[in-house]
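Accompanying notes for the structure given below.
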Amino acid sequence: MTVRILNQAEVTALLPMRECIEVMDKVLRTLSSGGAIQPLRSGIVLPEGRGVLGAMPGAVLAPLSFGLKAIVVFPGNDASPYDSHQGLVVLFDPEHGFPIAIMDASSVTAIRTAAVSAVATRALARHDADDLAILGSGVQARTHLEAMAAVRPLARVRAWSPNRTRLEAFIDWARKRLGIAVEGPPGPREAVTGAAIVCTCTSSRTPVVQGGWLADGAHVNVVGSSVPSAREVDTATIVRSRLVVDRVESALNEAGDFLIAKAEGAVSDGHILGDLGDVLLGRLEGRTGPKDLTIFKSLGLAVEDLAAADHVLRAAEAQGIGLVTDLGGLRD
């Protein structure tokens, strides 16, 4: 019994953004078609509120692929060299259950989250959307810029972050790595005004976007918050929107952007149109016209991680990449 171990650099090399976008499109369709098992995540808050440990199991059924992501979120890492998301994705053998792959979760999370936003943007944004605003300057800001450039031609990009030093580093990275010029306006309102695509990739627990700032016809990927008590967009934004989510059950339990607006009495559960996978399958109409404000609320799903990890494992096996060692429980 052997297991293949893949580090952050190896996962990143084996999971190109454009490939991951197609993998996410496929797995979201599979989930909405009933071909996957996706329970709600569970977790614990660590002492002194320093972070959260989460467990995200799931399975894709045909062919069977199953496993889990064990993820730790440490918001305090923003002031350190480390990503705020640390952990492992583990895949198991479908016949006997022993582990067959262990890989870095930070890179999987960074790439697949942005890839799912790209799938949503491709499905919900106007075809002529070419003005992008990104709120945030960390890992997800970088992967989202790459992902948005993969699905829409970008004529203008603006970014805002409360940390000006990190924002300048992001702007420099975008110019050198992607050849994209990014403007750095002084505030979030200036960043999103007139934008056709907005990605909120912050760690803020209170709104950084107000509904009155957003242009008619804009599409917004709301990414940063995944707990009921935090949100990046205000109630007015949710009320204005045609709201699509990665999974309705998850949103009704975890999406603070929606749940806080609901608690205020501004919307009901019926305000959520449905899952992104249903839009992809043609069962649900996301955008009905050029003036619709569409929102995709991303929470992140285990099946997304597992589909990405399975793609990485297959590429690693084909190219002989990673550390292969013995691991697993024999009876004797």
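Ligands are numbered from 1 in the order shown, residues from 1 within each chain, and chains are lettered A, B, ... in the order they appear in the structure tokens.
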
Go through stretch 71-100 of chain A residue by residue and, counting only C-alpha atoms, keep those with an atom at most 12 Å from stretch 224-236 of chain A; for each kept residue give the shortest atom pair and its distance in Å to one decimal, ordered by chain and increasing number, as a tab-separated table.
```
residue	atom	partner	partner_atom	distance
A:Val73	CA	A:Ser226	CA	10.9
A:Pro75	CA	A:Gly224	CA	11.4
A:Ser84	CA	A:Gly224	CA	11.6
A:His85	CA	A:Gly224	CA	11.9
```

TODO: Could you give me, as a ChimeraX atom specification, each residue of stretch 96-213 of chain A that DSSP assigns to strand (DSSP E or B) when run on this structure's backbone?
DONE: /A:99-104,131-135,156-160,183,197-200,209

Task: Residue nearest A:Arg175 among A:Leu145, A:Cys201, A:Leu214, A:Ala105 (counting only C-alpha atoms) - done: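 Smallest separation from A:Arg175 among the options: A:Leu145.
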
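Straight-line separation from atom CA of A:Asp78 to atom CA of A:Val139: 9.9 Å.
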
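As for atom CA of A:Pro39 and atom CA of A:Pro99, they are spaced 20.4 Å apart.
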
TODO: Please run DSSP on the backbone and report, as a VMD selection string, all residues within stretch 56-116 of chain A that come out as alpha helix (DSSP H).
DONE: chain A and resid 105 to 116

Pull C-alpha atoms from the residues just selected and write them as a PDB file, in the first residue's frame.
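Saved result, part.pdb, follows:
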```pdb
ATOM      1  CA  ALA A 105      -4.442  22.081   1.152  1.00  0.00           C
ATOM      2  CA  SER A 106      -3.350  25.721   0.966  1.00  0.00           C
ATOM      3  CA  SER A 107      -2.631  25.494  -2.756  1.00  0.00           C
ATOM      4  CA  VAL A 108      -5.709  23.389  -3.500  1.00  0.00           C
ATOM      5  CA  THR A 109      -7.912  25.888  -1.645  1.00  0.00           C
ATOM      6  CA  ALA A 110      -6.336  28.922  -3.286  1.00  0.00           C
ATOM      7  CA  ILE A 111      -6.709  27.609  -6.827  1.00  0.00           C
ATOM      8  CA  ARG A 112     -10.048  25.816  -6.681  1.00  0.00           C
ATOM      9  CA  THR A 113     -11.796  28.704  -4.871  1.00  0.00           C
ATOM     10  CA  ALA A 114     -10.861  31.132  -7.622  1.00  0.00           C
ATOM     11  CA  ALA A 115     -11.645  28.538 -10.291  1.00  0.00           C
ATOM     12  CA  VAL A 116     -15.189  28.151  -8.931  1.00  0.00           C
TER      13      VAL A 116
END
```

Which stretch 194-261 of chain A residues have any atom within 10 Å of an atom of stretch 285-301 of chain A, and for each, what is the nearest pair of atoms with distance in Å to one decimal, counting only C-alpha atoms, rows sorted by chain and number, as JSON lines?
```
{"residue": "A:Ala196", "atom": "CA", "partner": "A:Leu293", "partner_atom": "CA", "distance": 9.5}
{"residue": "A:Ile197", "atom": "CA", "partner": "A:Thr294", "partner_atom": "CA", "distance": 9.6}
{"residue": "A:Val198", "atom": "CA", "partner": "A:Ile295", "partner_atom": "CA", "distance": 9.3}
{"residue": "A:Cys199", "atom": "CA", "partner": "A:Phe296", "partner_atom": "CA", "distance": 9.7}
{"residue": "A:Gly211", "atom": "CA", "partner": "A:Leu293", "partner_atom": "CA", "distance": 9.7}
{"residue": "A:Leu214", "atom": "CA", "partner": "A:Leu293", "partner_atom": "CA", "distance": 8.2}
{"residue": "A:Ala215", "atom": "CA", "partner": "A:Leu293", "partner_atom": "CA", "distance": 7.8}
{"residue": "A:Asp216", "atom": "CA", "partner": "A:Lys291", "partner_atom": "CA", "distance": 4.8}
{"residue": "A:Gly217", "atom": "CA", "partner": "A:Lys291", "partner_atom": "CA", "distance": 3.9}
{"residue": "A:Ala218", "atom": "CA", "partner": "A:Leu293", "partner_atom": "CA", "distance": 5.1}
{"residue": "A:His219", "atom": "CA", "partner": "A:Thr294", "partner_atom": "CA", "distance": 4.8}
{"residue": "A:Val220", "atom": "CA", "partner": "A:Ile295", "partner_atom": "CA", "distance": 4.7}
{"residue": "A:Asn221", "atom": "CA", "partner": "A:Phe296", "partner_atom": "CA", "distance": 4.9}
{"residue": "A:Val222", "atom": "CA", "partner": "A:Lys297", "partner_atom": "CA", "distance": 4.9}
{"residue": "A:Val223", "atom": "CA", "partner": "A:Ser298", "partner_atom": "CA", "distance": 5.1}
{"residue": "A:Gly224", "atom": "CA", "partner": "A:Ser298", "partner_atom": "CA", "distance": 8.1}
{"residue": "A:Ser225", "atom": "CA", "partner": "A:Leu299", "partner_atom": "CA", "distance": 7.3}
{"residue": "A:Ser226", "atom": "CA", "partner": "A:Leu299", "partner_atom": "CA", "distance": 5.3}
{"residue": "A:Val227", "atom": "CA", "partner": "A:Leu299", "partner_atom": "CA", "distance": 8.6}
{"residue": "A:Thr237", "atom": "CA", "partner": "A:Leu293", "partner_atom": "CA", "distance": 8.7}
{"residue": "A:Ile238", "atom": "CA", "partner": "A:Ile295", "partner_atom": "CA", "distance": 7.9}
{"residue": "A:Val239", "atom": "CA", "partner": "A:Leu293", "partner_atom": "CA", "distance": 9.9}
{"residue": "A:Arg240", "atom": "CA", "partner": "A:Leu293", "partner_atom": "CA", "distance": 6.6}
{"residue": "A:Ser241", "atom": "CA", "partner": "A:Leu293", "partner_atom": "CA", "distance": 5.0}
{"residue": "A:Arg242", "atom": "CA", "partner": "A:Thr294", "partner_atom": "CA", "distance": 4.8}
{"residue": "A:Leu243", "atom": "CA", "partner": "A:Ile295", "partner_atom": "CA", "distance": 4.9}
{"residue": "A:Val244", "atom": "CA", "partner": "A:Phe296", "partner_atom": "CA", "distance": 4.9}
{"residue": "A:Val245", "atom": "CA", "partner": "A:Lys297", "partner_atom": "CA", "distance": 4.8}
{"residue": "A:Asp246", "atom": "CA", "partner": "A:Ser298", "partner_atom": "CA", "distance": 5.8}
{"residue": "A:Arg247", "atom": "CA", "partner": "A:Leu301", "partner_atom": "CA", "distance": 8.2}
{"residue": "A:Val248", "atom": "CA", "partner": "A:Lys297", "partner_atom": "CA", "distance": 9.9}
{"residue": "A:Ser250", "atom": "CA", "partner": "A:Leu299", "partner_atom": "CA", "distance": 7.4}
{"residue": "A:Ala251", "atom": "CA", "partner": "A:Leu299", "partner_atom": "CA", "distance": 7.3}
{"residue": "A:Glu254", "atom": "CA", "partner": "A:Leu299", "partner_atom": "CA", "distance": 7.6}
{"residue": "A:Ala255", "atom": "CA", "partner": "A:Leu299", "partner_atom": "CA", "distance": 7.0}
{"residue": "A:Gly256", "atom": "CA", "partner": "A:Lys297", "partner_atom": "CA", "distance": 9.9}
{"residue": "A:Asp257", "atom": "CA", "partner": "A:Lys297", "partner_atom": "CA", "distance": 8.1}
{"residue": "A:Phe258", "atom": "CA", "partner": "A:Lys297", "partner_atom": "CA", "distance": 8.6}
```

- [ ] Would you please work out which residue, of A:Leu306, A:Asp104, A:Pro81, A:Glu264, is nearest to A:Arg4 when using only C-alpha atoms?
- [x]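 Smallest distance to A:Arg4 is found for A:Asp104.
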
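Shortest separation to A:Glu10 among A:Thr325, A:Ser65, A:Ser80, A:Gln319 occurs at residue A:Gln319, atoms counted being only C-alpha atoms.
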
Go through stretch 170-245 of chain A residue by residue and, counting only C-alpha atoms, keep those with an atom at most 9 Å from stretch 154-161 of chain A; for each kept residue give the shortest atom pair and its distance in Å to one decimal, ordered by chain and increasing number, as a tab-separated table.
```
residue	atom	partner	partner_atom	distance
A:Phe170	CA	A:Ala159	CA	8.8
A:Ile171	CA	A:Ala159	CA	8.1
A:Ile180	CA	A:Val157	CA	8.0
A:Ala181	CA	A:Val157	CA	7.0
A:Val182	CA	A:Val157	CA	5.0
A:Glu183	CA	A:Arg158	CA	4.6
A:Gly184	CA	A:Ala159	CA	5.3
A:Pro185	CA	A:Trp160	CA	6.3
A:Pro186	CA	A:Trp160	CA	7.1
A:Gly187	CA	A:Trp160	CA	6.3
A:Pro188	CA	A:Trp160	CA	5.8
A:Glu190	CA	A:Trp160	CA	8.7
A:Ala191	CA	A:Arg158	CA	5.6
A:Val192	CA	A:Arg158	CA	7.8
A:Ala195	CA	A:Arg158	CA	8.6
A:Thr202	CA	A:Ser161	CA	8.2
```

With C-alpha atoms retained, could you export that selection as a short mmCIF file (atom, residue, chain, number, x, y, z; two decimals), in the first residue's frame?
```cif
data_model
loop_
_atom_site.label_atom_id
_atom_site.label_comp_id
_atom_site.auth_asym_id
_atom_site.auth_seq_id
_atom_site.Cartn_x
_atom_site.Cartn_y
_atom_site.Cartn_z
CA PHE A 170 -0.19 42.73 -5.24
CA ILE A 171 -0.09 45.39 -7.97
CA ILE A 180 -1.85 43.04 -16.00
CA ALA A 181 -1.91 46.69 -14.91
CA VAL A 182 -3.89 47.13 -11.69
CA GLU A 183 -5.05 50.50 -10.37
CA GLY A 184 -5.07 51.10 -6.61
CA PRO A 185 -7.87 53.56 -5.75
CA PRO A 186 -8.05 54.99 -2.21
CA GLY A 187 -11.18 53.19 -1.04
CA PRO A 188 -13.53 50.29 -1.74
CA GLU A 190 -13.86 53.95 -5.76
CA ALA A 191 -12.73 50.41 -6.59
CA VAL A 192 -16.18 48.96 -7.31
CA ALA A 195 -17.11 47.66 -12.28
CA THR A 202 -11.13 39.88 2.26
#
```
